[in-house]
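**Q** Contents of target28.txt (compact mmCIF, C-alpha atoms) are given next:
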# COMPACT_ATOMS: atom_id res chain seq x y z
CA MET A 1 33.90 -27.01 9.84
CA GLU A 2 34.74 -29.72 7.36
CA GLY A 3 38.46 -30.18 7.00
CA VAL A 4 39.59 -29.41 10.55
CA ILE A 5 37.32 -31.20 13.04
CA ASP A 6 38.74 -34.69 12.61
CA HIS A 7 39.35 -37.30 15.27
CA ARG A 8 42.65 -35.72 16.35
CA MET A 9 41.00 -32.36 16.90
CA ARG A 10 38.15 -34.04 18.76
CA ARG A 11 40.68 -35.84 20.95
CA MET A 12 42.49 -32.58 21.69
CA LEU A 13 39.41 -30.48 22.49
CA THR A 14 37.68 -33.10 24.62
CA ALA A 15 40.90 -33.70 26.57
CA LEU A 16 40.68 -30.06 27.66
CA GLY A 17 37.17 -30.78 28.97
CA GLY A 18 33.74 -29.21 29.04
CA TYR A 19 32.13 -31.10 26.18
CA ASP A 20 29.29 -33.57 26.66
CA ARG A 21 29.43 -34.86 23.09
CA CYS A 22 31.07 -34.48 19.68
CA VAL A 23 29.86 -35.20 16.17
CA THR A 24 31.98 -36.25 13.22
CA GLU A 25 32.39 -34.28 10.03
CA PHE A 26 29.43 -35.14 7.84
CA VAL A 27 29.49 -38.40 5.92
CA ARG A 28 27.81 -37.98 2.53
CA VAL A 29 25.21 -40.56 1.59
CA THR A 30 24.67 -40.46 -2.18
CA ASN A 31 23.95 -43.48 -4.38
CA THR A 32 24.71 -46.37 -2.07
CA ARG A 33 24.94 -47.38 1.57
CA VAL A 34 28.10 -46.06 3.19
CA PRO A 35 30.54 -48.96 3.77
CA LEU A 36 31.98 -49.78 7.15
CA LYS A 37 35.53 -48.80 6.13
CA VAL A 38 34.43 -45.20 5.55
CA PHE A 39 33.02 -44.88 9.05
CA ARG A 40 36.11 -46.43 10.58
CA ARG A 41 38.33 -44.00 8.67
CA LEU A 42 36.35 -40.87 9.54
CA CYS A 43 35.48 -41.96 13.07
CA PRO A 44 38.27 -44.16 14.48
CA GLU A 45 36.66 -43.66 17.89
CA LEU A 46 34.31 -46.47 16.84
CA ASP A 47 37.11 -48.89 17.66
CA GLN A 48 37.23 -47.65 21.25
CA GLY A 49 33.57 -47.76 22.17
CA GLY A 50 32.47 -44.69 20.21
CA VAL A 51 34.18 -42.25 22.56
CA THR A 52 37.28 -40.07 22.50
CA GLU A 53 40.24 -40.99 24.68
CA SER A 54 38.81 -38.76 27.41
CA GLY A 55 35.48 -40.61 27.28
CA THR A 56 33.36 -38.14 25.30
CA PRO A 57 30.78 -39.81 23.02
CA VAL A 58 31.11 -39.17 19.28
CA TYR A 59 27.95 -39.32 17.17
CA VAL A 60 28.27 -40.10 13.47
CA GLN A 61 26.89 -37.33 11.27
CA LEU A 62 25.10 -38.26 8.02
CA LEU A 63 24.07 -36.00 5.16
CA GLY A 64 21.93 -36.78 2.13
CA GLY A 65 18.42 -36.84 0.72
CA ASN A 66 17.56 -40.53 0.34
CA PRO A 67 15.77 -41.87 3.45
CA SER A 68 16.39 -45.57 2.80
CA LEU A 69 20.10 -45.16 2.04
CA ILE A 70 20.64 -42.89 5.03
CA ALA A 71 18.80 -45.37 7.25
CA ALA A 72 20.88 -48.27 5.91
CA SER A 73 24.07 -46.27 6.45
CA ALA A 74 22.98 -45.44 9.99
CA GLN A 75 22.62 -49.15 10.68
CA VAL A 76 26.18 -49.74 9.50
CA ALA A 77 27.46 -46.96 11.75
CA VAL A 78 25.57 -48.23 14.78
CA ARG A 79 26.75 -51.80 14.24
CA ALA A 80 30.28 -50.40 14.11
CA GLY A 81 29.79 -48.84 17.54
CA ALA A 82 28.36 -45.36 16.98
CA PRO A 83 26.61 -44.23 20.20
CA GLY A 84 24.29 -41.91 18.25
CA ILE A 85 23.34 -40.63 14.79
CA ASP A 86 23.34 -36.95 13.87
CA LEU A 87 21.48 -35.88 10.70
CA ASN A 88 22.69 -32.77 8.89
CA PHE A 89 19.97 -30.56 7.40
CA GLY A 90 21.93 -27.38 7.96
CA CYS A 91 24.93 -27.34 5.62
CA PRO A 92 24.59 -24.19 3.45
CA THR A 93 27.28 -24.87 0.84
CA LYS A 94 26.16 -24.71 -2.79
CA THR A 95 27.83 -27.98 -3.78
CA VAL A 96 26.09 -29.92 -1.01
CA ASN A 97 22.73 -28.26 -1.72
CA ARG A 98 22.99 -28.95 -5.46
CA HIS A 99 23.41 -32.62 -4.67
CA ASP A 100 20.25 -32.85 -2.56
CA GLY A 101 21.84 -32.50 0.85
CA GLY A 102 21.97 -30.10 3.76
CA SER A 103 19.78 -27.03 4.08
CA VAL A 104 18.08 -27.38 0.67
CA LEU A 105 15.92 -30.10 2.25
CA LEU A 106 14.38 -27.50 4.54
CA LYS A 107 12.28 -26.41 1.57
CA GLU A 108 10.38 -29.70 1.95
CA PRO A 109 9.61 -30.44 5.61
CA HIS A 110 7.99 -33.76 4.75
CA ARG A 111 11.33 -34.98 3.36
CA VAL A 112 13.11 -33.92 6.54
CA GLY A 113 10.55 -35.90 8.52
CA ASP A 114 10.84 -38.92 6.23
CA ILE A 115 14.62 -39.08 6.66
CA VAL A 116 14.47 -38.74 10.44
CA ALA A 117 11.69 -41.33 10.68
CA ALA A 118 13.57 -43.79 8.46
CA VAL A 119 16.66 -43.57 10.64
CA ARG A 120 14.66 -43.71 13.87
CA ASP A 121 12.94 -46.90 12.69
CA ALA A 122 16.20 -48.45 11.45
CA VAL A 123 18.27 -48.28 14.61
CA ASP A 124 17.78 -49.51 18.14
CA PRO A 125 15.46 -47.32 20.25
CA ASP A 126 18.31 -46.81 22.72
CA ILE A 127 20.43 -45.10 20.04
CA PRO A 128 19.79 -41.33 20.01
CA VAL A 129 18.84 -39.82 16.67
CA CYS A 130 19.45 -36.09 16.37
CA ALA A 131 18.69 -33.58 13.63
CA LYS A 132 20.42 -30.28 12.96
CA ILE A 133 18.53 -27.69 10.93
CA ARG A 134 18.62 -23.96 10.20
CA LEU A 135 15.77 -21.47 10.47
CA GLY A 136 15.08 -22.22 6.84
CA PHE A 137 16.48 -21.88 3.35
CA GLU A 138 15.57 -18.44 1.99
CA ASP A 139 13.42 -17.48 4.98
CA SER A 140 11.96 -19.02 8.12
CA ASP A 141 8.47 -19.69 6.76
CA ASN A 142 8.95 -23.47 7.04
CA LEU A 143 10.60 -23.42 10.44
CA LEU A 144 7.59 -24.60 12.43
CA SER A 145 6.80 -27.28 9.85
CA ASN A 146 10.36 -28.56 9.91
CA VAL A 147 10.46 -28.64 13.70
CA GLN A 148 7.13 -30.46 13.90
CA ALA A 149 8.29 -32.94 11.26
CA VAL A 150 11.37 -33.74 13.33
CA TYR A 151 9.28 -34.07 16.49
CA GLN A 152 6.74 -36.36 14.83
CA ALA A 153 9.49 -38.52 13.34
CA GLY A 154 10.71 -39.37 16.85
CA ALA A 155 14.07 -37.60 17.02
CA ASN A 156 15.65 -37.37 20.45
CA GLU A 157 17.10 -33.93 19.78
CA ILE A 158 16.81 -31.08 17.33
CA CYS A 159 19.59 -28.51 17.13
CA ILE A 160 18.73 -25.25 15.37
CA HIS A 161 21.38 -23.02 13.85
CA ALA A 162 19.65 -19.67 14.26
CA ARG A 163 20.18 -18.42 10.70
CA THR A 164 18.81 -19.33 7.28
CA LYS A 165 20.84 -20.80 4.46
CA ILE A 166 20.83 -17.38 2.78
CA ASN A 167 22.20 -15.83 6.00
CA GLY A 168 25.10 -18.29 5.83
CA TYR A 169 27.45 -17.46 8.70
CA LYS A 170 26.95 -13.71 8.60
CA PRO A 171 26.20 -12.19 12.03
CA PRO A 172 23.90 -11.97 13.81
CA ALA A 173 22.26 -15.24 14.75
CA TYR A 174 18.54 -14.88 15.47
CA TRP A 175 18.35 -16.84 18.71
CA SER A 176 15.07 -15.26 19.82
CA VAL A 177 13.19 -16.90 16.93
CA LEU A 178 13.43 -20.19 18.85
CA GLN A 179 11.59 -18.73 21.83
CA ASP A 180 8.15 -19.26 20.32
CA LEU A 181 8.70 -22.78 19.03
CA PRO A 182 6.68 -25.56 20.68
CA ARG A 183 8.48 -27.90 23.03
CA THR A 184 7.97 -31.61 23.53
CA PRO A 185 9.22 -33.74 26.44
CA HIS A 186 10.49 -36.35 23.98
CA THR A 187 12.79 -34.10 21.91
CA ARG A 188 15.42 -31.79 23.36
CA LEU A 189 15.70 -28.39 21.65
CA ILE A 190 19.26 -27.04 21.29
CA VAL A 191 20.39 -23.60 20.14
CA ASN A 192 23.42 -23.07 17.90
CA GLY A 193 25.07 -20.31 15.90
CA GLU A 194 27.38 -17.34 16.58
CA ILE A 195 28.39 -18.53 20.04
CA TRP A 196 31.96 -17.30 20.46
CA THR A 197 32.12 -16.36 24.15
CA PRO A 198 30.48 -17.26 27.48
CA GLU A 199 28.47 -14.04 27.13
CA ASP A 200 27.19 -15.21 23.76
CA ALA A 201 26.23 -18.52 25.33
CA ASP A 202 24.21 -16.77 28.04
CA SER A 203 22.47 -14.59 25.47
CA ALA A 204 21.69 -17.54 23.19
CA LEU A 205 20.16 -19.56 26.02
CA ARG A 206 18.21 -16.63 27.40
CA GLN A 207 16.86 -15.40 24.08
CA SER A 208 16.02 -18.86 22.72
CA GLY A 209 14.53 -20.25 25.91
CA CYS A 210 16.68 -23.36 25.44
CA GLU A 211 18.54 -25.16 28.20
CA HIS A 212 21.26 -26.60 25.97
CA LEU A 213 23.58 -25.30 23.29
CA MET A 214 25.96 -26.51 20.64
CA ILE A 215 29.18 -24.69 19.82
CA GLY A 216 31.07 -25.03 16.57
CA ARG A 217 33.49 -22.44 15.22
CA GLY A 218 33.72 -20.85 18.67
CA GLY A 219 35.33 -24.02 19.97
CA LEU A 220 38.04 -23.72 17.35
CA ALA A 221 38.60 -20.04 18.05
CA GLN A 222 38.93 -20.71 21.79
CA PRO A 223 39.79 -24.36 22.45
CA ASP A 224 38.61 -24.11 26.07
CA LEU A 225 35.36 -22.27 25.29
CA ALA A 226 33.26 -25.11 26.70
CA LEU A 227 35.14 -24.82 30.00
CA GLN A 228 34.75 -21.04 29.98
CA ILE A 229 30.99 -21.39 29.50
CA ARG A 230 30.68 -23.95 32.28
CA ALA A 231 32.77 -21.82 34.62
CA GLN A 232 30.67 -18.71 34.03
CA ARG A 233 27.37 -20.52 34.42
CA SER A 234 28.54 -22.06 37.70
CA SER A 235 29.98 -18.73 38.90
CA ARG A 236 33.54 -20.10 39.07
CA ALA A 237 35.16 -16.71 38.57
CA HIS A 238 38.63 -18.10 39.22
CA TYR A 239 38.80 -19.83 35.83
CA HIS A 240 41.40 -18.27 33.52
CA PRO A 241 41.10 -18.87 29.76
CA LEU A 242 43.85 -20.77 28.00
CA PRO A 243 46.79 -18.43 27.23
CA TRP A 244 48.42 -18.38 23.81
CA THR A 245 51.55 -20.10 25.10
CA GLU A 246 49.47 -23.19 25.89
CA THR A 247 47.25 -22.89 22.83
CA VAL A 248 50.18 -22.71 20.41
CA ALA A 249 51.54 -25.89 21.99
CA LEU A 250 48.28 -27.52 20.88
CA VAL A 251 48.76 -26.06 17.40
CA ASP A 252 52.27 -27.51 17.28
CA ARG A 253 51.02 -30.93 18.30
CA PHE A 254 48.10 -30.79 15.88
CA TYR A 255 50.45 -29.97 13.02
CA HIS A 256 52.84 -32.81 13.73
CA ASP A 257 50.16 -35.38 14.50
CA ASN A 258 47.73 -34.49 11.75
CA ASP A 259 48.97 -32.07 9.15
CA SER A 260 52.55 -32.90 8.22
CA GLY A 261 52.21 -36.25 6.49
CA ASN A 262 50.90 -35.12 3.11
CA LEU A 263 53.58 -33.41 1.03
CA LYS A 264 51.02 -31.74 -1.22
CA TYR A 265 48.76 -30.36 1.49
CA ALA A 266 51.16 -29.94 4.42
CA GLY A 267 49.98 -27.28 6.82
CA ASN A 268 46.55 -26.70 5.28
CA ARG A 269 44.54 -27.78 8.31
CA THR A 270 46.83 -25.91 10.68
CA LYS A 271 46.42 -22.74 8.62
CA GLN A 272 42.67 -23.24 8.66
CA TRP A 273 42.68 -23.59 12.45
CA LEU A 274 44.84 -20.49 12.86
CA GLY A 275 42.23 -18.65 10.83
CA TYR A 276 39.81 -19.27 13.70
CA LEU A 277 42.31 -18.78 16.52
CA ARG A 278 43.34 -15.30 15.35
CA LYS A 279 39.86 -14.05 16.27
CA PHE A 280 40.93 -14.15 19.93
CA TYR A 281 44.71 -14.53 19.87
CA PRO A 282 46.71 -11.74 18.14
CA ASP A 283 49.77 -14.02 18.11
CA ALA A 284 47.82 -16.52 16.02
CA GLN A 285 47.69 -13.91 13.29
CA THR A 286 51.45 -13.48 13.55
CA LEU A 287 52.03 -17.21 13.23
CA PHE A 288 49.55 -17.48 10.38
CA GLU A 289 51.36 -14.77 8.43
CA SER A 290 54.64 -16.61 9.01
CA ILE A 291 53.46 -19.94 7.57
CA LYS A 292 50.67 -19.06 5.14
CA ARG A 293 52.95 -19.24 2.08
CA LEU A 294 55.01 -22.17 3.30
CA SER A 295 54.43 -25.64 1.92
CA ASP A 296 57.53 -27.54 2.99
CA ILE A 297 56.90 -29.80 5.99
CA HIS A 298 60.15 -28.95 7.72
CA ASP A 299 59.91 -25.20 7.06
CA ILE A 300 56.48 -25.07 8.68
CA SER A 301 57.68 -27.08 11.66
CA LYS A 302 60.72 -24.86 12.17
CA THR A 303 58.58 -21.72 11.95
CA ILE A 304 56.13 -22.94 14.56
CA ARG A 305 58.95 -23.98 16.90
CA LEU A 306 60.70 -20.62 16.40
CA HIS A 307 57.45 -18.83 17.23
CA ARG A 308 57.13 -20.83 20.45
CA LYS A 309 60.76 -20.17 21.36
CA THR A 310 60.22 -16.43 20.88
CA LEU A 311 57.32 -16.54 23.33
CA GLU A 312 59.59 -18.04 25.98
CA GLN A 313 62.01 -15.11 25.87
CA PRO A 314 61.99 -12.71 28.84
CA GLY A 315 59.71 -9.76 28.27
CA SER A 316 57.39 -11.55 25.88
CA LEU A 317 53.82 -10.31 26.43
CA SER A 318 52.35 -13.65 25.44
CA ALA A 319 54.63 -15.52 27.84
CA ALA A 320 53.51 -13.23 30.64
CA ALA A 321 49.81 -13.51 29.80
Any chance you could put this one into structure tokens?

**A**
Amino acid sequence: MEGVIDHRMRRMLTALGGYDRCVTEFVRVTNTRVPLKVFRRLCPELDQGGVTESGTPVYVQLLGGNPSLIAASAQVAVRAGAPGIDLNFGCPTKTVNRHDGGSVLLKEPHRVGDIVAAVRDAVDPDIPVCAKIRLGFEDSDNLLSNVQAVYQAGANEICIHARTKINGYKPPAYWSVLQDLPRTPHTRLIVNGEIWTPEDADSALRQSGCEHLMIGRGGLAQPDLALQIRAQRSSRAHYHPLPWTETVALVDRFYHDNDSGNLKYAGNRTKQWLGYLRKFYPDAQTLFESIKRLSDIHDISKTIRLHRKTLEQPGSLSAAA
């Protein structure tokens, strides 16, 4: 979800509630240790104790293939205030994989283990180190080896996106594959992938045998998904999902706070977010169509405000929802 889950989005989603933790967009580690200024720019929460304004911890996510450089970068992040380190072995994009990062490393479980071990040894034992992987690259033949490598390296958590790199983000996610994986009391196993609704969350937990889950794109498509999941699992049937009238107010705020300062790219992140929101909100599609060809800051702002004003008119279905 690179490009839309920045600190302002994290602030907005965690303010709604339901999340135990966030991770940053991945920070690439290539030929040198990542400098402090990069972490402070991508994770300004470091300046407020490593948490969002609502108190949700934010782990710094690192991506790369060099154990020593990743470990050195993790030390910089922790000294800056990161409450945890998240290691990305799941990114399926060709550019990242060509540059020795993300899911391509799953072809070599020993390298996954070496990276996790290097980071675990480099930071204080009280700092959680987490790894996110997929079922594999082309297939799941290395899944058990990758999981065992992460366990043996001393990670506190391993989150598994239940698809291979070749699967990409194409449904379904194969949650049941996790059922037969070994468990260890020292490393929490977390299921991820294709969790869009509370029903999906129940199915993912049941089929995987996991007790914990991570949501990604589903949290963008329904900003209160974490609350919906918690409500269903605690049998709080009175919870009503966020209506479009309230969600579009968040879109408006996100645009003005985050997406209207760059003349060249004005509206790009808002359009990207609407691309997720339209999965559950028909009016998001309407708004997207209204702004998708606009590039002027003021034109986009006026269009969003006009959309909101239309919803307030008597007889509007969205206003009554």

**Q** Between A:Val123, A:Ile166, A:Leu13, A:Ile115, which residue has the minimum interatomic distance to Thr93 in chain A, considering only C-alpha atoms?

**A**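 Counting only C-alpha atoms, the residue closest to Thr93 in chain A is A:Ile166.
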
**Q** With distances taken over only C-alpha atoms, which residue among A:Phe137, A:Tyr265, A:Tyr281, A:Phe39 lies nearest Leu242 in chain A?

**A**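 Closest candidate: A:Tyr281.
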
**Q** Using all atoms listed in the file, find the one residue out of A:Ile300, A:Ala71, A:Leu250, A:Cys22 that sits nearest to Ala266 in chain A.

**A** A:Ile300

**Q** Quick one: everything within 7 Å of range 175-187 of chain A, counting all atoms listed in the file, minus sequence neighbours fewer than 6 positions away in the same chain. Send it as an MDAnalysis selection string.

**A** chainID A and resid 144 151 155:158 162 204 207:209

**Q** Output C-alpha atoms of each residue in that selection to a file, as a PDB file, in the frame of the given file.

**A**
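Once everything was written out, this is out_12.pdb:
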ATOM      1  CA  LEU A 144       7.590 -24.600  12.430  1.00  0.00           C
ATOM      2  CA  TYR A 151       9.280 -34.070  16.490  1.00  0.00           C
ATOM      3  CA  ALA A 155      14.070 -37.600  17.020  1.00  0.00           C
ATOM      4  CA  ASN A 156      15.650 -37.370  20.450  1.00  0.00           C
ATOM      5  CA  GLU A 157      17.100 -33.930  19.780  1.00  0.00           C
ATOM      6  CA  ILE A 158      16.810 -31.080  17.330  1.00  0.00           C
ATOM      7  CA  ALA A 162      19.650 -19.670  14.260  1.00  0.00           C
ATOM      8  CA  ALA A 204      21.690 -17.540  23.190  1.00  0.00           C
ATOM      9  CA  GLN A 207      16.860 -15.400  24.080  1.00  0.00           C
ATOM     10  CA  SER A 208      16.020 -18.860  22.720  1.00  0.00           C
ATOM     11  CA  GLY A 209      14.530 -20.250  25.910  1.00  0.00           C
TER      12      GLY A 209
END

**Q** Using all atoms listed in the file, pick whichever of A:Val112, A:Leu220, A:Leu36, A:Val51 has the shortest atom-to-atom distance to Ala80 in chain A.

**A**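 Of all the options, A:Leu36 lies closest to Ala80 in chain A.
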
**Q** When you look at Ile127 in chain A with a cut-off of 7 Å (counting only C-alpha atoms), what residues show up, excluding the ones that are within fewer than 3 positions of it in the same chain? I need them as a list in words.

**A**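 Non-adjacent residues within range: Pro83, Gly84, Val123 and Asp124 of chain A.
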
**Q** Next, the residues of the selection above should be written as a PDB file, keeping the file's coordinate frame with C-alpha atoms.

**A**
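To be explicit, this is the file written out as out_13.pdb:
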ATOM      1  CA  PRO A  83      26.610 -44.230  20.200  1.00  0.00           C
ATOM      2  CA  GLY A  84      24.290 -41.910  18.250  1.00  0.00           C
ATOM      3  CA  VAL A 123      18.270 -48.280  14.610  1.00  0.00           C
ATOM      4  CA  ASP A 124      17.780 -49.510  18.140  1.00  0.00           C
TER       5      ASP A 124
END

**Q** If we count all atoms listed in the file, what is near Glu194 in chain A at a cut-off of 9 Å, once residues fewer than 5 positions away on the same chain are taken out, given as a VMD selection string?

**A** chain A and resid 161 to 162 169 to 173 200 to 201 204 215 to 218

**Q** Name the closest residue to Met9 in chain A among the candidates A:Asn167, A:Thr24, A:Thr303, A:Ser260; distances are taken between atoms, counting all atoms listed in the file.

**A**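 So, comparing all the options, the nearest one is A:Thr24.
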
**Q** Measuring atom to atom with all atoms listed in the file, identify which of A:Asn31, A:Asn146, A:Thr247, A:Ser235 is nearest to Trp273 in chain A.

**A**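 Using all atoms listed in the file, Trp273 in chain A sits closest to A:Thr247.
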
**Q** List every protein, DNA or RNA residue with an atom no more than 12 Å from (34.7, -45.1, 7.0) in the file's coordinates, counting all atoms listed in the file, and format the result as a short mmCIF file (atom, residue, chain, number, x, y, z; two decimals) with C-alpha atoms, in the coordinates of the input.

**A**
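File selection27.cif, as written:
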data_model
loop_
_atom_site.label_atom_id
_atom_site.label_comp_id
_atom_site.auth_asym_id
_atom_site.auth_seq_id
_atom_site.Cartn_x
_atom_site.Cartn_y
_atom_site.Cartn_z
CA THR A 24 31.98 -36.25 13.22
CA GLU A 25 32.39 -34.28 10.03
CA PHE A 26 29.43 -35.14 7.84
CA VAL A 27 29.49 -38.40 5.92
CA ARG A 28 27.81 -37.98 2.53
CA VAL A 29 25.21 -40.56 1.59
CA ARG A 33 24.94 -47.38 1.57
CA VAL A 34 28.10 -46.06 3.19
CA PRO A 35 30.54 -48.96 3.77
CA LEU A 36 31.98 -49.78 7.15
CA LYS A 37 35.53 -48.80 6.13
CA VAL A 38 34.43 -45.20 5.55
CA PHE A 39 33.02 -44.88 9.05
CA ARG A 40 36.11 -46.43 10.58
CA ARG A 41 38.33 -44.00 8.67
CA LEU A 42 36.35 -40.87 9.54
CA CYS A 43 35.48 -41.96 13.07
CA PRO A 44 38.27 -44.16 14.48
CA GLU A 45 36.66 -43.66 17.89
CA LEU A 46 34.31 -46.47 16.84
CA ASP A 47 37.11 -48.89 17.66
CA VAL A 60 28.27 -40.10 13.47
CA GLN A 61 26.89 -37.33 11.27
CA LEU A 62 25.10 -38.26 8.02
CA SER A 73 24.07 -46.27 6.45
CA VAL A 76 26.18 -49.74 9.50
CA ALA A 77 27.46 -46.96 11.75
CA ALA A 80 30.28 -50.40 14.11
CA ALA A 82 28.36 -45.36 16.98
#

**Q** Can you pull out every residue within 10 Å of Val104 in chain A, counting all atoms listed in the file, but drop anything in the same chain fewer than 6 positions away, and send it as a count of residues only?

**A** 14

**Q** I'd like the neighbourhood of Ser290 in chain A as a PyMOL selection string, where a residue qualifies if any of its atoms comes within 12 Å (using all atoms listed in the file), though same-chain residues fewer than 3 positions away should be ignored.

**A** chain A and resi 267+271+274+283-287+293-295+299-307

**Q** Hey, can you spit out that residue selection with C-alpha atoms as a PDB file, keeping the file's coordinate frame?

**A**
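Saved the output as selection12.pdb:
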ATOM      1  CA  GLY A 267      49.980 -27.280   6.820  1.00  0.00           C
ATOM      2  CA  LYS A 271      46.420 -22.740   8.620  1.00  0.00           C
ATOM      3  CA  LEU A 274      44.840 -20.490  12.860  1.00  0.00           C
ATOM      4  CA  ASP A 283      49.770 -14.020  18.110  1.00  0.00           C
ATOM      5  CA  ALA A 284      47.820 -16.520  16.020  1.00  0.00           C
ATOM      6  CA  GLN A 285      47.690 -13.910  13.290  1.00  0.00           C
ATOM      7  CA  THR A 286      51.450 -13.480  13.550  1.00  0.00           C
ATOM      8  CA  LEU A 287      52.030 -17.210  13.230  1.00  0.00           C
ATOM      9  CA  ARG A 293      52.950 -19.240   2.080  1.00  0.00           C
ATOM     10  CA  LEU A 294      55.010 -22.170   3.300  1.00  0.00           C
ATOM     11  CA  SER A 295      54.430 -25.640   1.920  1.00  0.00           C
ATOM     12  CA  ASP A 299      59.910 -25.200   7.060  1.00  0.00           C
ATOM     13  CA  ILE A 300      56.480 -25.070   8.680  1.00  0.00           C
ATOM     14  CA  SER A 301      57.680 -27.080  11.660  1.00  0.00           C
ATOM     15  CA  LYS A 302      60.720 -24.860  12.170  1.00  0.00           C
ATOM     16  CA  THR A 303      58.580 -21.720  11.950  1.00  0.00           C
ATOM     17  CA  ILE A 304      56.130 -22.940  14.560  1.00  0.00           C
ATOM     18  CA  ARG A 305      58.950 -23.980  16.900  1.00  0.00           C
ATOM     19  CA  LEU A 306      60.700 -20.620  16.400  1.00  0.00           C
ATOM     20  CA  HIS A 307      57.450 -18.830  17.230  1.00  0.00           C
TER      21      HIS A 307
END

**Q** Report the distance between CA of Lys279 in chain A and CA of Arg163 in chain A in Å, rounded to one decimal place.

**A**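 That distance, rounded to one decimal, is 20.9 Å.
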
**Q** Between CA of His212 in chain A and CA of Asp139 in chain A, what is the distance in Å, rounded to a tenth?

**A**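 Going from CA of His212 in chain A over to CA of Asp139 in chain A, I get 24.2 Å.
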
**Q** Would you give the centre and edge lengths, in Å to one decimal, of a box along x, y and z around the listed atoms of range 208-217 of chain A, with 4 Å added to each side, as lines of an AutoDock Vina configuration file?

**A**
center_x = 24.0
center_y = -22.7
center_z = 21.7
size_x = 27.0
size_y = 15.7
size_z = 21.0

**Q** Hey, can you check how far CA of Ser68 in chain A sits from CA of Ala122 in chain A?

**A**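 For CA of Ser68 in chain A relative to CA of Ala122 in chain A, the distance reads 9.1 Å.
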
**Q** Around the point (3.9, -34.2, 12.7), in the coordinates given by the file, pick out the residues reaching within 12 Å, counting only C-alpha atoms, and return them as a short mmCIF file (atom, residue, chain, number, x, y, z; two decimals) with C-alpha atoms, in the coordinates of the input.

**A**
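Dumped everything to out39.cif:
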data_model
loop_
_atom_site.label_atom_id
_atom_site.label_comp_id
_atom_site.auth_asym_id
_atom_site.auth_seq_id
_atom_site.Cartn_x
_atom_site.Cartn_y
_atom_site.Cartn_z
CA PRO A 109 9.61 -30.44 5.61
CA HIS A 110 7.99 -33.76 4.75
CA ARG A 111 11.33 -34.98 3.36
CA VAL A 112 13.11 -33.92 6.54
CA GLY A 113 10.55 -35.90 8.52
CA ASP A 114 10.84 -38.92 6.23
CA VAL A 116 14.47 -38.74 10.44
CA ALA A 117 11.69 -41.33 10.68
CA LEU A 144 7.59 -24.60 12.43
CA SER A 145 6.80 -27.28 9.85
CA ASN A 146 10.36 -28.56 9.91
CA VAL A 147 10.46 -28.64 13.70
CA GLN A 148 7.13 -30.46 13.90
CA ALA A 149 8.29 -32.94 11.26
CA VAL A 150 11.37 -33.74 13.33
CA TYR A 151 9.28 -34.07 16.49
CA GLN A 152 6.74 -36.36 14.83
CA ALA A 153 9.49 -38.52 13.34
CA GLY A 154 10.71 -39.37 16.85
CA ALA A 155 14.07 -37.60 17.02
CA THR A 184 7.97 -31.61 23.53
#

**Q** Could I get range 27-38 of chain A from the block written out with C-alpha atoms, as a compact mmCIF listing (two decimals), in the first residue's frame?

**A**
# COMPACT_ATOMS: atom_id res chain seq x y z
CA VAL A 27 12.05 1.83 4.01
CA ARG A 28 14.45 0.49 1.38
CA VAL A 29 17.90 -0.50 2.57
CA THR A 30 20.25 -0.66 -0.42
CA ASN A 31 23.92 0.33 -0.39
CA THR A 32 24.24 2.13 2.91
CA ARG A 33 22.74 2.46 6.36
CA VAL A 34 19.52 4.47 6.30
CA PRO A 35 20.14 7.90 7.87
CA LEU A 36 18.12 9.24 10.75
CA LYS A 37 16.50 11.99 8.66
CA VAL A 38 14.82 9.39 6.44
